[in-house]
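**Student:** Sharing a structure, written as structure tokens. Questions coming.
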Amino acid sequence: MNLTERVTEAFSGPAAAQAVPGFVHRQSQVEMAVRVAETLEWGGLAMLEAGTGVGKSIAYLLPAVLSGRKCVVSTATIALQDQLLHKDIPAVGRMVGVNVDAALLKGRGNYLCLRKWSLSGGEAQGWLQAWVRDTPDGDIGHAPREIPAGLRPKLAGDGLDCLGTQCGSFSQCFYYKARNAARKASIMVLNHHLLLCGLASGDLIPEAGLLVVDEAHQLADAAGECLGVMLSVPMLDPVIDAVIQSGLEPGRKEGLLGAVRSAAAAINVLTGTTADDAEYPLSLMLPELDALMGFCDTLKEGLSGRDDTMGGGQAAAAIGEAARRIAELEGSDWCVFTEEAGRQRVLKGVPLEPGPELSTLVWDVFSSAVLTSATLSVAGDFSYFSRRLGVPSEFYGEVFPSPFSYPDQAMLAIPEALPSRDDHQSLADTAWRIASGLARILGGRTMVLFTSYRNLELTLEASQNDPVAGVRVLAQGQMPRSAILDSFRKDPGAVILGTRSFWEGIDLAGDLLQGLVIDRIPFPSPGHPLMRARIASLEARGESPFMSLMLPIAAIRLRQGAGRLIRSSGDRGVLVLLDEKLIRAGYGKTLLASLPPFRRGSLEEALTFAGEHGGAGGVSGAEANA
């Protein structure tokens, strides 16, 4: 039998039901697995969109395992990596009767750096010293307690000051041990950033018969960060640590610290020059970039040649190289801008379109590649992501619809006489009126997704003025995202108010989430420098920025948000969209066609549906995730 036939047989045999708890035969899953098998056999690139519930992980893992060829799986989230390593890969192994050798490789910053630990003198709390002594893998995430935020950068690996084979602790290095183990595994699991950085460095990714990019809709953003360049003051921390912890004589230390202060001052000028929505005056900043390169040369020369300062010298050289690269971006197809990153401002240089870089870096390297996600197309059209990701023009694209019965499981309502998108107070009042109505019917179990913090805060005020008895309001900004979700899962008698980070990666299956309200069509902000530069580039080529950029992004984001509602075949729920442009504007048809086929109805009908099907009588979250 060929690979396609073996894949089909594996799904039809009794081993599948025995290997996968709660296994249900899904024709869309089988068909997707067959497409992956065909891609493995014939080569090329396939873009496979898999609706919620298809079971895409099993669909690409099964043919990969049956082929016997090495496979690299790249994801965007730790949650999916854990699911693959601890649930899906073992399940596929049981389906085909083999023990699959799989390994997860994390980024360098997740591992203890023994060189930094030795330079620090090992001065730390007793529990940390014991962990460093006994840890088998150096994975900081496995430490018995959370390492203080201020201490972690001084102990974790960092590409800026990693000495590689020149390091005295190289043979014991936890990161390189993990990397070598992952290279030998039949399935290597890693994140998008590590995939791209590893391919760029040429020393990480093994030869593999198949590359799977799961959560592929996030690859372009990862490419912008990995292929781009940045400058920030915290990048000088390894240099400062190297100087202070070194055995240099005091006068020499003070001279080097003076150069560090000058470099920091230059970076502060570079990062503080413009507001987020203003064009960066790169040509005017060239003298400051030249000065920074000079300070970094001084630091590199002063710190090289000594074991205790070599890492700092390498970091200084990397900062100087970043300054040189940014200086060369004037007039290029890149965007240079500043933005906030935590408490610091950073200067970034990002390619407007990473496609050409990805074409050479990724797609030319792997003979077979599969890109998959629940959101890869706009109403079945793959044009936006295929161009953005630079995939070959002869790629194969297919949509595998969700097996869920959306018309039976959920209703979509777009109320009439909605306030203007720009009337924030009226929109917030309307959002809370509808969300609170759902919460009263459902006993909480409701989430409101916002396109801006402003709308969220106004709605929070409205909820405080008109509370729902017995229903908590869990608002982003008042508590961490993880704490909100943990609280909601323990007691769904609440309304979640969330912005961008709640639009995807949230799985509240079963009877947990039954009411979802979205305040506006999630168009990207045209004021961000990178978006403005992409718009200008499209206009210069005679293309419509709205049709080629703004609308596809909005359609994908809207679908991601709407996808939070129905997560299992037993879910029931109501989706309310508070934007009349979905039915008044011509492009509304494209946006609605991108959504799952919810049953359409009035707000009153949707509330009636919630009353009939909502509450705590649905499938439990544990059952839904089986």
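Chain labels A, B, ... are given in the sequence in which chains occur in the structure tokens; within each chain residues are numbered consecutively from 1, and ligands are likewise numbered from 1 in the order shown.
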Determine, counting only C-alpha atoms, which protein, DNA and RNA residues have an atom within 12 Å of an atom of Phe385 in chain A; residues of the same chain fewer than 2 positions away are not included. Present the result as a PDB file with C-alpha atoms, in the first residue's frame.
**Tutor:**
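Written out: part_30.pdb:
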```pdb
ATOM      1  CA  MET A  47      -2.078  25.431   2.581  1.00  0.00           C
ATOM      2  CA  LEU A  48      -4.740  23.502   4.488  1.00  0.00           C
ATOM      3  CA  GLU A  49      -7.319  25.406   6.495  1.00  0.00           C
ATOM      4  CA  ALA A 216       0.500  29.410  10.317  1.00  0.00           C
ATOM      5  CA  HIS A 217      -1.490  32.665  10.396  1.00  0.00           C
ATOM      6  CA  GLN A 218       1.063  33.892  12.957  1.00  0.00           C
ATOM      7  CA  LEU A 219       4.153  33.073  10.905  1.00  0.00           C
ATOM      8  CA  ALA A 220       4.316  36.451   9.146  1.00  0.00           C
ATOM      9  CA  ASP A 221       4.448  38.376  12.434  1.00  0.00           C
ATOM     10  CA  GLU A 353       6.486  41.966   3.322  1.00  0.00           C
ATOM     11  CA  PRO A 354       8.456  38.967   4.675  1.00  0.00           C
ATOM     12  CA  GLY A 355       7.392  36.771   1.740  1.00  0.00           C
ATOM     13  CA  LEU A 371       0.801  25.290   6.404  1.00  0.00           C
ATOM     14  CA  THR A 372      -2.303  24.866   8.503  1.00  0.00           C
ATOM     15  CA  SER A 373      -4.563  26.914  10.744  1.00  0.00           C
ATOM     16  CA  THR A 375      -7.826  30.913   9.733  1.00  0.00           C
ATOM     17  CA  LEU A 376      -5.741  30.818   6.551  1.00  0.00           C
ATOM     18  CA  SER A 377      -8.270  32.102   4.031  1.00  0.00           C
ATOM     19  CA  VAL A 378     -10.761  34.901   3.520  1.00  0.00           C
ATOM     20  CA  GLY A 380     -12.031  30.408   0.983  1.00  0.00           C
ATOM     21  CA  ASP A 381      -9.466  32.616  -0.789  1.00  0.00           C
ATOM     22  CA  PHE A 382      -5.830  32.011   0.259  1.00  0.00           C
ATOM     23  CA  SER A 383      -4.427  35.039  -1.595  1.00  0.00           C
ATOM     24  CA  ARG A 387       1.412  36.414  -0.815  1.00  0.00           C
ATOM     25  CA  ARG A 388       2.316  37.530   2.694  1.00  0.00           C
ATOM     26  CA  LEU A 389       4.197  34.296   3.377  1.00  0.00           C
ATOM     27  CA  GLY A 390       5.838  34.104  -0.039  1.00  0.00           C
ATOM     28  CA  VAL A 391       4.672  30.562  -0.780  1.00  0.00           C
ATOM     29  CA  PRO A 392       5.337  29.188  -4.278  1.00  0.00           C
ATOM     30  CA  SER A 393       2.700  30.132  -6.844  1.00  0.00           C
ATOM     31  CA  PHE A 395       0.851  25.762  -3.918  1.00  0.00           C
ATOM     32  CA  GLY A 397      -4.932  25.117  -1.087  1.00  0.00           C
ATOM     33  CA  SER A 548      -5.578  43.771  -0.287  1.00  0.00           C
ATOM     34  CA  LEU A 549      -4.726  44.471   3.343  1.00  0.00           C
ATOM     35  CA  PRO A 552      -8.338  40.411   4.832  1.00  0.00           C
ATOM     36  CA  ILE A 553      -6.888  41.228   8.246  1.00  0.00           C
ATOM     37  CA  ILE A 556      -9.299  36.805   9.787  1.00  0.00           C
TER      38      ILE A 556
END
```
**Student:** For range 15-28 of chain A, work out the shell of residues within 12 Å, counting only C-alpha atoms and skipping chain neighbours fewer than 6 positions away, then give it as a CSV table (one decimal) with C-alpha atoms, in the first residue's frame.
**Tutor:**
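Result went into part-v8.csv, see below:
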```
chain,number,residue,atom,x,y,z
A,7,VAL,CA,-3.3,6.7,6.2
A,8,THR,CA,-6.9,6.0,5.2
A,9,GLU,CA,-6.7,2.5,6.7
A,34,VAL,CA,-4.7,12.3,2.8
A,35,ARG,CA,-3.7,15.7,1.4
A,48,LEU,CA,-4.7,23.5,4.5
A,49,GLU,CA,-7.3,25.4,6.5
A,50,ALA,CA,-8.9,23.2,9.1
A,51,GLY,CA,-12.1,24.4,10.9
A,52,THR,CA,-12.5,24.0,14.6
A,53,GLY,CA,-13.1,20.3,15.5
A,54,VAL,CA,-11.4,18.8,12.4
A,55,GLY,CA,-8.5,17.5,14.4
A,56,LYS,CA,-5.7,18.9,12.3
A,58,ILE,CA,-3.7,14.1,14.2
A,59,ALA,CA,-4.3,14.8,10.5
A,62,LEU,CA,-0.4,10.4,11.3
A,87,LYS,CA,-1.3,14.1,23.9
A,88,ASP,CA,-1.4,14.0,20.1
A,89,ILE,CA,2.0,12.4,19.2
A,90,PRO,CA,1.6,9.6,21.7
A,91,ALA,CA,-1.9,9.0,20.4
A,92,VAL,CA,-0.7,8.7,16.8
A,93,GLY,CA,2.0,6.3,18.0
A,94,ARG,CA,-0.7,4.1,19.6
A,95,MET,CA,-2.8,4.3,16.4
A,96,VAL,CA,0.1,2.8,14.3
A,97,GLY,CA,1.8,0.7,17.0
A,98,VAL,CA,5.1,2.5,17.2
A,398,GLU,CA,-8.0,23.5,0.5
A,399,VAL,CA,-10.5,24.3,3.2
A,400,PHE,CA,-11.7,21.5,5.4
A,401,PRO,CA,-14.9,22.7,7.1
A,402,SER,CA,-15.6,22.1,10.8
A,403,PRO,CA,-17.7,19.0,11.5
A,404,PHE,CA,-19.9,21.0,13.9
A,568,SER,CA,-17.1,21.2,20.6
A,569,SER,CA,-20.0,19.3,19.1
A,622,ALA,CA,-13.7,18.1,30.4
A,623,GLU,CA,-16.1,16.1,28.2
A,624,ALA,CA,-15.8,18.6,25.4
A,625,ASN,CA,-12.0,18.3,25.3
A,626,ALA,CA,-11.9,14.6,25.4
```
**Student:** I'd like the neighbourhood of Lys154 in chain A as a list in words, where a residue qualifies if any of its atoms comes within 10 Å (using only C-alpha atoms), though same-chain residues fewer than 3 positions away should be ignored.
**Tutor:**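 The contact residues come out as Leu112, Cys113, Lys116, Trp117, Leu119, Ser120, Ala149, Gly150, Leu151, Gly157, Asp158, Asp237, Pro238 and Asp241 of chain A.
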**Student:** For Val233 in chain A, list every protein, DNA or RNA residue within 9 Å, evaluated using only C-alpha atoms, and leave out those in the same chain fewer than 4 positions away; present the list as an MDAnalysis selection string.
**Tutor:** chainID A and resid 237 263:265 267:268 271 344:346
**Student:** For those residues, write all heavy atoms to a file as an mmCIF file, in the first residue's frame.
**Tutor:**
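Generated file (part.cif):
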```cif
data_model
loop_
_atom_site.group_PDB
_atom_site.id
_atom_site.type_symbol
_atom_site.label_atom_id
_atom_site.label_comp_id
_atom_site.auth_asym_id
_atom_site.auth_seq_id
_atom_site.Cartn_x
_atom_site.Cartn_y
_atom_site.Cartn_z
ATOM 1 N N ASP A 237 22.301 45.187 28.887
ATOM 2 C CA ASP A 237 22.436 44.518 30.190
ATOM 3 C C ASP A 237 23.563 43.489 30.234
ATOM 4 O O ASP A 237 24.319 43.441 31.217
ATOM 5 C CB ASP A 237 21.107 43.881 30.591
ATOM 6 C CG ASP A 237 20.073 44.919 31.011
ATOM 7 O OD1 ASP A 237 20.451 46.093 31.191
ATOM 8 O OD2 ASP A 237 18.894 44.556 31.143
ATOM 9 N N ALA A 263 26.552 54.753 25.175
ATOM 10 C CA ALA A 263 25.764 53.935 24.262
ATOM 11 C C ALA A 263 24.289 53.986 24.637
ATOM 12 O O ALA A 263 23.406 54.094 23.773
ATOM 13 C CB ALA A 263 26.273 52.497 24.265
ATOM 14 N N ALA A 264 23.993 53.912 25.956
ATOM 15 C CA ALA A 264 22.607 53.969 26.416
ATOM 16 C C ALA A 264 21.981 55.311 26.070
ATOM 17 O O ALA A 264 20.807 55.384 25.670
ATOM 18 C CB ALA A 264 22.543 53.724 27.928
ATOM 19 N N ALA A 265 22.748 56.391 26.213
ATOM 20 C CA ALA A 265 22.232 57.717 25.875
ATOM 21 C C ALA A 265 21.902 57.801 24.390
ATOM 22 O O ALA A 265 20.879 58.380 23.995
ATOM 23 C CB ALA A 265 23.254 58.790 26.259
ATOM 24 N N ILE A 267 21.081 55.278 22.422
ATOM 25 C CA ILE A 267 19.883 54.471 22.165
ATOM 26 C C ILE A 267 18.636 55.203 22.639
ATOM 27 O O ILE A 267 17.582 55.156 21.987
ATOM 28 C CB ILE A 267 20.010 53.086 22.842
ATOM 29 C CG1 ILE A 267 21.132 52.282 22.192
ATOM 30 C CG2 ILE A 267 18.692 52.315 22.737
ATOM 31 C CD1 ILE A 267 21.407 50.947 22.853
ATOM 32 N N ASN A 268 18.728 55.896 23.766
ATOM 33 C CA ASN A 268 17.581 56.667 24.250
ATOM 34 C C ASN A 268 17.175 57.746 23.248
ATOM 35 O O ASN A 268 15.983 58.014 23.048
ATOM 36 C CB ASN A 268 17.900 57.301 25.605
ATOM 37 C CG ASN A 268 17.661 56.346 26.761
ATOM 38 O OD1 ASN A 268 16.734 55.536 26.719
ATOM 39 N ND2 ASN A 268 18.490 56.419 27.791
ATOM 40 N N THR A 271 15.492 55.845 20.253
ATOM 41 C CA THR A 271 14.170 55.267 20.531
ATOM 42 C C THR A 271 13.154 56.315 20.966
ATOM 43 O O THR A 271 11.948 56.067 20.907
ATOM 44 C CB THR A 271 14.267 54.192 21.624
ATOM 45 O OG1 THR A 271 14.826 54.773 22.815
ATOM 46 C CG2 THR A 271 15.134 53.034 21.173
ATOM 47 N N GLN A 344 10.075 49.956 28.323
ATOM 48 C CA GLN A 344 11.119 50.530 27.479
ATOM 49 C C GLN A 344 10.578 50.806 26.083
ATOM 50 O O GLN A 344 9.607 50.197 25.630
ATOM 51 C CB GLN A 344 12.310 49.560 27.379
ATOM 52 C CG GLN A 344 13.009 49.287 28.689
ATOM 53 C CD GLN A 344 13.836 50.466 29.166
ATOM 54 O OE1 GLN A 344 14.285 51.293 28.359
ATOM 55 N NE2 GLN A 344 14.050 50.537 30.472
ATOM 56 N N ARG A 345 11.226 51.739 25.395
ATOM 57 C CA ARG A 345 10.938 51.963 23.987
ATOM 58 C C ARG A 345 11.999 51.266 23.161
ATOM 59 O O ARG A 345 13.157 51.155 23.569
ATOM 60 C CB ARG A 345 10.918 53.457 23.663
ATOM 61 C CG ARG A 345 9.732 54.194 24.273
ATOM 62 C CD ARG A 345 9.607 55.596 23.692
ATOM 63 N NE ARG A 345 9.257 55.570 22.288
ATOM 64 C CZ ARG A 345 8.009 55.392 21.832
ATOM 65 N NH1 ARG A 345 7.005 55.214 22.666
ATOM 66 N NH2 ARG A 345 7.759 55.387 20.540
ATOM 67 N N VAL A 346 11.586 50.757 22.007
ATOM 68 C CA VAL A 346 12.505 50.065 21.121
ATOM 69 C C VAL A 346 12.438 50.695 19.738
ATOM 70 O O VAL A 346 11.410 51.246 19.328
ATOM 71 C CB VAL A 346 12.195 48.555 21.018
ATOM 72 C CG1 VAL A 346 12.343 47.891 22.377
ATOM 73 C CG2 VAL A 346 10.803 48.313 20.457
#
```
**Student:** Any idea what's packed within 9 Å of Ala178 in chain A, counting only C-alpha atoms, ignoring anything in its chain fewer than 4 positions away? Could you give it as a list in words?
**Tutor:**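 Those residues are Ala103, Leu104, Leu105, Lys106, Asp137, Cys173, Phe174, Ala182 and Arg183 of chain A.
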**Student:** List every residue of range 262-356 of chain A that DSSP, applied to the backbone of this structure, places in helix (DSSP H, G or I), and write the result as number ranges by chain.
**Tutor:** A: 262-271, 282-303, 310-327, 355-356
**Student:** Could you give me, as a ChimeraX atom specification, each residue of range 218-428 of chain A that DSSP assigns to strand (DSSP E) when run on this structure's backbone?
**Tutor:** /A:229-231,334-341,344-351,368-373,396-400,410-413
**Student:** Mind checking which residues fall within 6 Å of Ala33 in chain A, counting only C-alpha atoms, ignoring those fewer than 3 positions away in the same chain, and posting them as a short mmCIF file (atom, residue, chain, number, x, y, z; two decimals) with all heavy atoms, in the first residue's frame?
**Tutor:**
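Listed below is the output, out08.cif:
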```
data_model
loop_
_atom_site.label_atom_id
_atom_site.label_comp_id
_atom_site.auth_asym_id
_atom_site.auth_seq_id
_atom_site.Cartn_x
_atom_site.Cartn_y
_atom_site.Cartn_z
N VAL A 30 -9.92 12.87 7.85
CA VAL A 30 -9.33 11.87 6.96
C VAL A 30 -8.87 12.52 5.66
O VAL A 30 -7.75 12.26 5.17
CB VAL A 30 -10.33 10.74 6.68
CG1 VAL A 30 -9.73 9.73 5.70
CG2 VAL A 30 -10.74 10.05 7.97
N VAL A 36 -2.06 15.70 3.27
CA VAL A 36 -0.71 15.76 3.83
C VAL A 36 0.12 14.61 3.28
O VAL A 36 1.30 14.78 2.92
CB VAL A 36 -0.76 15.71 5.36
CG1 VAL A 36 0.65 15.67 5.94
CG2 VAL A 36 -1.50 16.93 5.92
N ALA A 59 -4.30 14.87 11.93
CA ALA A 59 -4.33 14.77 10.47
C ALA A 59 -2.95 14.96 9.85
O ALA A 59 -2.66 14.35 8.81
CB ALA A 59 -5.30 15.80 9.90
N TYR A 60 -2.09 15.78 10.41
CA TYR A 60 -0.76 15.91 9.82
C TYR A 60 0.27 15.00 10.50
O TYR A 60 1.26 14.61 9.89
CB TYR A 60 -0.28 17.37 9.78
CG TYR A 60 -0.12 18.10 11.09
CD1 TYR A 60 0.88 17.78 11.99
CD2 TYR A 60 -0.94 19.19 11.40
CE1 TYR A 60 1.04 18.49 13.19
CE2 TYR A 60 -0.79 19.90 12.58
CZ TYR A 60 0.19 19.55 13.47
OH TYR A 60 0.36 20.26 14.64
#
```
**Student:** Quick one: of A:Val574, A:Ile187, A:Leu474, A:Cys226, who's nearest to Pro407 in chain A, counting only C-alpha atoms?
**Tutor:** A:Val574
**Student:** Could you check the closest approach to Arg567 in chain A for each of A:Leu227, A:Ala509, A:Val269, A:Ala374 and tell me which residue wins, using only C-alpha atoms?
**Tutor:**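 Looking at the shortest contact to Arg567 in chain A, the residue is A:Ala509.
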**Student:** Contacts of range 443-452 of chain A at 7 Å or less, counting only C-alpha atoms, minus same-chain residues fewer than 2 places along, as a PDB file with C-alpha atoms, in the first residue's frame?
**Tutor:**
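As written to disk, out-v7.pdb reads:
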```pdb
ATOM      1  CA  ALA A 435     -23.920  41.326  27.424  1.00  0.00           C
ATOM      2  CA  LEU A 438     -27.152  37.385  28.002  1.00  0.00           C
ATOM      3  CA  ALA A 439     -25.511  37.038  31.412  1.00  0.00           C
ATOM      4  CA  ARG A 440     -28.884  37.177  33.172  1.00  0.00           C
ATOM      5  CA  ILE A 441     -30.242  34.443  30.891  1.00  0.00           C
ATOM      6  CA  ARG A 454     -11.066  52.572  25.347  1.00  0.00           C
ATOM      7  CA  ASN A 455     -14.250  50.670  24.541  1.00  0.00           C
ATOM      8  CA  LEU A 456     -13.436  48.062  27.170  1.00  0.00           C
ATOM      9  CA  VAL A 471     -22.489  37.790  38.055  1.00  0.00           C
ATOM     10  CA  PRO A 492     -18.394  30.688  34.770  1.00  0.00           C
ATOM     11  CA  GLY A 493     -20.935  32.907  36.517  1.00  0.00           C
ATOM     12  CA  ALA A 494     -19.144  35.917  35.068  1.00  0.00           C
ATOM     13  CA  VAL A 495     -18.709  38.210  32.081  1.00  0.00           C
ATOM     14  CA  ILE A 496     -15.212  38.516  30.596  1.00  0.00           C
ATOM     15  CA  LEU A 497     -14.233  41.849  29.035  1.00  0.00           C
ATOM     16  CA  GLY A 498     -11.169  41.357  26.836  1.00  0.00           C
ATOM     17  CA  THR A 499      -9.209  42.904  23.998  1.00  0.00           C
ATOM     18  CA  ARG A 500      -6.708  41.554  21.452  1.00  0.00           C
ATOM     19  CA  TRP A 503      -9.513  37.012  20.376  1.00  0.00           C
ATOM     20  CA  LEU A 512     -18.499  27.495  30.002  1.00  0.00           C
ATOM     21  CA  LEU A 513     -18.913  30.143  27.268  1.00  0.00           C
ATOM     22  CA  GLN A 514     -22.357  30.479  25.695  1.00  0.00           C
ATOM     23  CA  GLY A 515     -22.682  34.187  24.941  1.00  0.00           C
ATOM     24  CA  LEU A 516     -20.196  36.190  22.852  1.00  0.00           C
ATOM     25  CA  VAL A 517     -20.441  39.882  21.950  1.00  0.00           C
ATOM     26  CA  ILE A 518     -18.003  41.620  19.561  1.00  0.00           C
ATOM     27  CA  ASP A 519     -18.024  45.405  19.598  1.00  0.00           C
ATOM     28  CA  ARG A 520     -16.812  46.278  16.070  1.00  0.00           C
ATOM     29  CA  PRO A 522     -11.602  44.458  13.949  1.00  0.00           C
ATOM     30  CA  GLY A 615     -27.174  27.407  31.215  1.00  0.00           C
TER      31      GLY A 615
END
```
**Student:** State, in Å with one decimal place, the distance from CA of Gln314 in chain A to CA of Lys300 in chain A.
**Tutor:**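 These atoms are spaced 6.7 Å apart.
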**Student:** Using only C-alpha atoms, which residue out of A:Ala554, A:Ser501, A:Asp333, A:Thr360 lies closest to Ala540 in chain A?
**Tutor:**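 Smallest distance to Ala540 in chain A is found for A:Asp333.
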**Student:** Between A:Leu603, A:Met550, A:Ala483, A:Ile244, which one has atoms that come closest to Leu412 in chain A, using only C-alpha atoms?
**Tutor:**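 With only C-alpha atoms as the atom set, the closest residue is A:Leu603.
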**Student:** From the options A:Gly209, A:Gly141, A:Gly561, A:Pro136, which residue's atoms come nearest to Ala369 in chain A, counting only C-alpha atoms?
**Tutor:** A:Gly209
**Student:** Closest to Leu418 in chain A among A:Ile521, A:Leu248, A:Leu592, A:Leu578, using only C-alpha atoms?
**Tutor:** A:Leu578
